[in-house]
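**Student:** For reference, this is coords34.pdb, and it has PDB, C-alpha atoms.
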MODEL        1
ATOM      1  CA  GLU S   1     108.232  22.114  18.405  1.00  0.00           C
ATOM      2  CA  GLY S   2     110.728  23.368  20.937  1.00  0.00           C
ATOM      3  CA  PRO S   3     113.169  26.236  20.628  1.00  0.00           C
ATOM      4  CA  PRO S   4     114.161  27.431  17.146  1.00  0.00           C
ATOM      5  CA  THR S   5     117.208  25.800  15.594  1.00  0.00           C
ATOM      6  CA  LEU S   6     117.544  28.344  12.767  1.00  0.00           C
ATOM      7  CA  LEU S   7     117.442  32.131  12.731  1.00  0.00           C
ATOM      8  CA  PHE S   8     116.647  34.306   9.722  1.00  0.00           C
ATOM      9  CA  LEU S   9     117.229  38.057  10.091  1.00  0.00           C
ATOM     10  CA  LEU S  10     115.497  39.897   7.255  1.00  0.00           C
ATOM     11  CA  MET S  11     116.567  43.455   6.518  1.00  0.00           C
ATOM     12  CA  HIS S  12     114.606  45.748   4.237  1.00  0.00           C
ATOM     13  CA  GLY S  13     116.020  48.108   1.646  1.00  0.00           C
ATOM     14  CA  GLN S  14     116.625  51.848   1.777  1.00  0.00           C
ATOM     15  CA  GLY S  15     113.419  53.795   2.392  1.00  0.00           C
ATOM     16  CA  GLN S  16     111.297  50.762   3.302  1.00  0.00           C
ATOM     17  CA  ASP S  17     110.319  49.166   6.599  1.00  0.00           C
ATOM     18  CA  GLU S  18     109.956  45.670   8.002  1.00  0.00           C
ATOM     19  CA  ARG S  19     106.629  45.144   6.221  1.00  0.00           C
ATOM     20  CA  ALA S  20     108.512  44.905   2.910  1.00  0.00           C
ATOM     21  CA  MET S  21     109.987  41.613   4.112  1.00  0.00           C
ATOM     22  CA  GLN S  22     106.724  40.035   5.285  1.00  0.00           C
ATOM     23  CA  PRO S  23     106.069  37.903   2.170  1.00  0.00           C
ATOM     24  CA  LEU S  24     109.554  36.399   2.394  1.00  0.00           C
ATOM     25  CA  ALA S  25     109.192  35.924   6.164  1.00  0.00           C
ATOM     26  CA  THR S  26     105.928  34.059   5.677  1.00  0.00           C
ATOM     27  CA  ALA S  27     107.467  31.796   3.027  1.00  0.00           C
ATOM     28  CA  LEU S  28     110.533  31.068   5.177  1.00  0.00           C
ATOM     29  CA  ALA S  29     108.431  30.304   8.255  1.00  0.00           C
ATOM     30  CA  ARG S  30     106.299  27.903   6.226  1.00  0.00           C
ATOM     31  CA  GLU S  31     109.345  26.190   4.679  1.00  0.00           C
ATOM     32  CA  TYR S  32     111.397  26.106   7.899  1.00  0.00           C
ATOM     33  CA  PRO S  33     109.040  25.596  10.856  1.00  0.00           C
ATOM     34  CA  GLN S  34     112.070  25.084  13.125  1.00  0.00           C
ATOM     35  CA  ALA S  35     113.215  28.679  12.422  1.00  0.00           C
ATOM     36  CA  ALA S  36     112.703  32.033  14.068  1.00  0.00           C
ATOM     37  CA  VAL S  37     112.155  34.645  11.353  1.00  0.00           C
ATOM     38  CA  LEU S  38     112.641  38.286  12.340  1.00  0.00           C
ATOM     39  CA  CYS S  39     111.833  41.245  10.095  1.00  0.00           C
ATOM     40  CA  LEU S  40     113.924  44.127  11.361  1.00  0.00           C
ATOM     41  CA  ARG S  41     113.245  47.841  10.987  1.00  0.00           C
ATOM     42  CA  ALA S  42     116.296  50.001  10.414  1.00  0.00           C
ATOM     43  CA  PRO S  43     116.835  52.461  13.261  1.00  0.00           C
ATOM     44  CA  MET S  44     117.027  55.726  11.285  1.00  0.00           C
ATOM     45  CA  PRO S  45     114.366  57.553   9.265  1.00  0.00           C
ATOM     46  CA  ALA S  46     115.359  57.390   5.603  1.00  0.00           C
ATOM     47  CA  ASP S  47     116.976  60.310   3.857  1.00  0.00           C
ATOM     48  CA  VAL S  48     114.668  62.210   1.555  1.00  0.00           C
ATOM     49  CA  ILE S  49     115.143  60.703  -1.894  1.00  0.00           C
ATOM     50  CA  ALA S  50     115.608  62.988  -4.896  1.00  0.00           C
ATOM     51  CA  GLY S  51     112.247  63.694  -6.494  1.00  0.00           C
ATOM     52  CA  ARG S  52     110.314  63.097  -3.259  1.00  0.00           C
ATOM     53  CA  GLU S  53     109.562  65.654  -0.595  1.00  0.00           C
ATOM     54  CA  THR S  54     109.359  63.107   2.216  1.00  0.00           C
ATOM     55  CA  SER S  55     110.306  59.546   2.956  1.00  0.00           C
ATOM     56  CA  ASN S  56     108.238  57.320   5.226  1.00  0.00           C
ATOM     57  CA  GLY S  57     110.770  54.511   5.368  1.00  0.00           C
ATOM     58  CA  TYR S  58     113.917  53.749   7.303  1.00  0.00           C
ATOM     59  CA  GLN S  59     117.610  53.153   6.705  1.00  0.00           C
ATOM     60  CA  TYR S  60     120.509  51.441   8.437  1.00  0.00           C
ATOM     61  CA  PHE S  61     122.880  54.287   7.516  1.00  0.00           C
ATOM     62  CA  SER S  62     122.665  57.458   5.472  1.00  0.00           C
ATOM     63  CA  ARG S  63     123.497  57.227   1.804  1.00  0.00           C
ATOM     64  CA  THR S  64     123.910  60.988   1.525  1.00  0.00           C
ATOM     65  CA  ASP S  65     127.374  61.713   0.130  1.00  0.00           C
ATOM     66  CA  ILE S  66     128.336  58.047   0.384  1.00  0.00           C
ATOM     67  CA  SER S  67     131.379  56.864  -1.534  1.00  0.00           C
ATOM     68  CA  ASP S  68     133.525  53.775  -1.775  1.00  0.00           C
ATOM     69  CA  ALA S  69     135.975  55.524   0.545  1.00  0.00           C
ATOM     70  CA  ASN S  70     133.488  56.096   3.400  1.00  0.00           C
ATOM     71  CA  ARG S  71     131.026  53.216   2.942  1.00  0.00           C
ATOM     72  CA  SER S  72     132.856  50.852   5.313  1.00  0.00           C
ATOM     73  CA  ALA S  73     133.030  53.481   8.066  1.00  0.00           C
ATOM     74  CA  ARG S  74     129.314  54.202   7.673  1.00  0.00           C
ATOM     75  CA  VAL S  75     128.432  50.523   7.968  1.00  0.00           C
ATOM     76  CA  GLN S  76     130.693  50.125  11.008  1.00  0.00           C
ATOM     77  CA  ALA S  77     129.096  53.150  12.666  1.00  0.00           C
ATOM     78  CA  ALA S  78     125.627  51.684  12.036  1.00  0.00           C
ATOM     79  CA  LEU S  79     126.483  48.275  13.484  1.00  0.00           C
ATOM     80  CA  PRO S  80     125.701  49.111  17.161  1.00  0.00           C
ATOM     81  CA  GLY S  81     122.189  50.261  16.205  1.00  0.00           C
ATOM     82  CA  PHE S  82     121.655  47.108  14.176  1.00  0.00           C
ATOM     83  CA  ILE S  83     122.825  44.899  17.050  1.00  0.00           C
ATOM     84  CA  ALA S  84     120.524  46.769  19.458  1.00  0.00           C
ATOM     85  CA  GLU S  85     117.577  46.183  17.099  1.00  0.00           C
ATOM     86  CA  VAL S  86     118.336  42.454  16.908  1.00  0.00           C
ATOM     87  CA  ARG S  87     118.609  42.170  20.675  1.00  0.00           C
ATOM     88  CA  ALA S  88     115.329  44.041  21.160  1.00  0.00           C
ATOM     89  CA  SER S  89     113.465  41.736  18.763  1.00  0.00           C
TER      90      SER S  89
ENDMDL
END
Once more with this new file: its structure as structure tokens, please.

**Tutor:**
Amino acid sequence: EGPPTLLFLLMHGQGQDERAMQPLATALAREYPQAAVLCLRAPMPADVIAGRETSNGYQYFSRTDISDANRSARVQAALPGFIAEVRAS
């Protein structure tokens, strides 16, 4: 009992949402009762994936036209939204 002494932040993959992490969250909470386990939802609707007309999931940053050259900048630009999501949880 008492305040958590561990924190697990679980982030889903491209085009998913926080529900994708629920089985892992449940297992971690059972194994580490002293932990807070947060399943985060990415802040942006996911890009439409080739072969699908719509996407119901979310993303932390767009993968459209992503390259090794711009990946770091995309992640850095997404960081404030990620931090806001953590603070809101």

**Student:** Could you list the residues chosen by the PyMOL selection byres ((chain S and resi 61) around 8) in this structure as a list in words?

**Tutor:**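 When the PyMOL selection byres ((chain S and resi 61) around 8) is applied to the shown file, the picked residues are Met44, Gln59, Tyr60, Ser62, Arg63, Arg74, Val75 and Ala78 of chain S.
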
**Student:** For Leu24 of chain S, find every residue with an atom within 12 Å (counting only C-alpha atoms), except residues of its own chain fewer than 2 positions away, and show them as a list in words.

**Tutor:**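 Using only C-alpha atoms, the neighbours found are Phe8, Leu9, Leu10, Met11, His12, Glu18, Arg19, Ala20, Met21, Gln22, Thr26, Ala27, Leu28, Ala29, Arg30, Glu31, Tyr32, Val37, Leu38 and Cys39 of chain S.
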
**Student:** Using all atoms listed in the file, which protein or nucleic acid residues come within 12 Å of Pro3 of chain S? Drop anything in the same chain fewer than 4 positions from it, and give the result as a ChimeraX atom specification.

**Tutor:** /S:7,33-36

**Student:** Output the residue selection produced by the PyMOL selection byres ((chain S and resi 58) around 6) on the file above, formatted as a PyMOL selection string.

**Tutor:** chain S and resi 15-17+42+44-46+57+59

**Student:** One number please: atom CA of Ala69 of chain S to atom CA of Leu40 of chain S, in Å, one decimal.

**Tutor:** 27.1 Å

**Student:** Rounded to one decimal, what separation in Å do you get between atom CA of Pro4 of chain S and atom CA of Pro43 of chain S?

**Tutor:**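 So the two atoms, atom CA of Pro4 of chain S and atom CA of Pro43 of chain S, lie 25.5 Å apart.
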
**Student:** Give the answer as one residue: which of S:Leu6, S:Arg41, S:Pro23, S:Glu1 has the shortest atom-to-atom distance to Gly81 of chain S, using all atoms listed in the file?

**Tutor:**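 Closest to Gly81 of chain S, using all atoms listed in the file: S:Arg41.
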
**Student:** Report the distance between atom CA of Ile83 of chain S and atom CA of Asp65 of chain S in Å, rounded to one decimal place.

**Tutor:** 24.3 Å

**Student:** Extending 5 Å beyond the listed atoms of segment 32-50 of chain S on each side, what axis-aligned box results? I want centre and edge lengths in Å to one decimal, as AutoDock Vina command-line options.

**Tutor:**
--center_x 113.0 --center_y 44.0 --center_z 4.6 --size_x 18.0 --size_y 47.9 --size_z 29.0

**Student:** Would you mind telling me which residue in S:Gln14, S:Thr5, S:Ala84, S:Arg71 lies nearest to Val48 of chain S when using only C-alpha atoms?

**Tutor:**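 With only C-alpha atoms as the atom set, the closest residue is S:Gln14.
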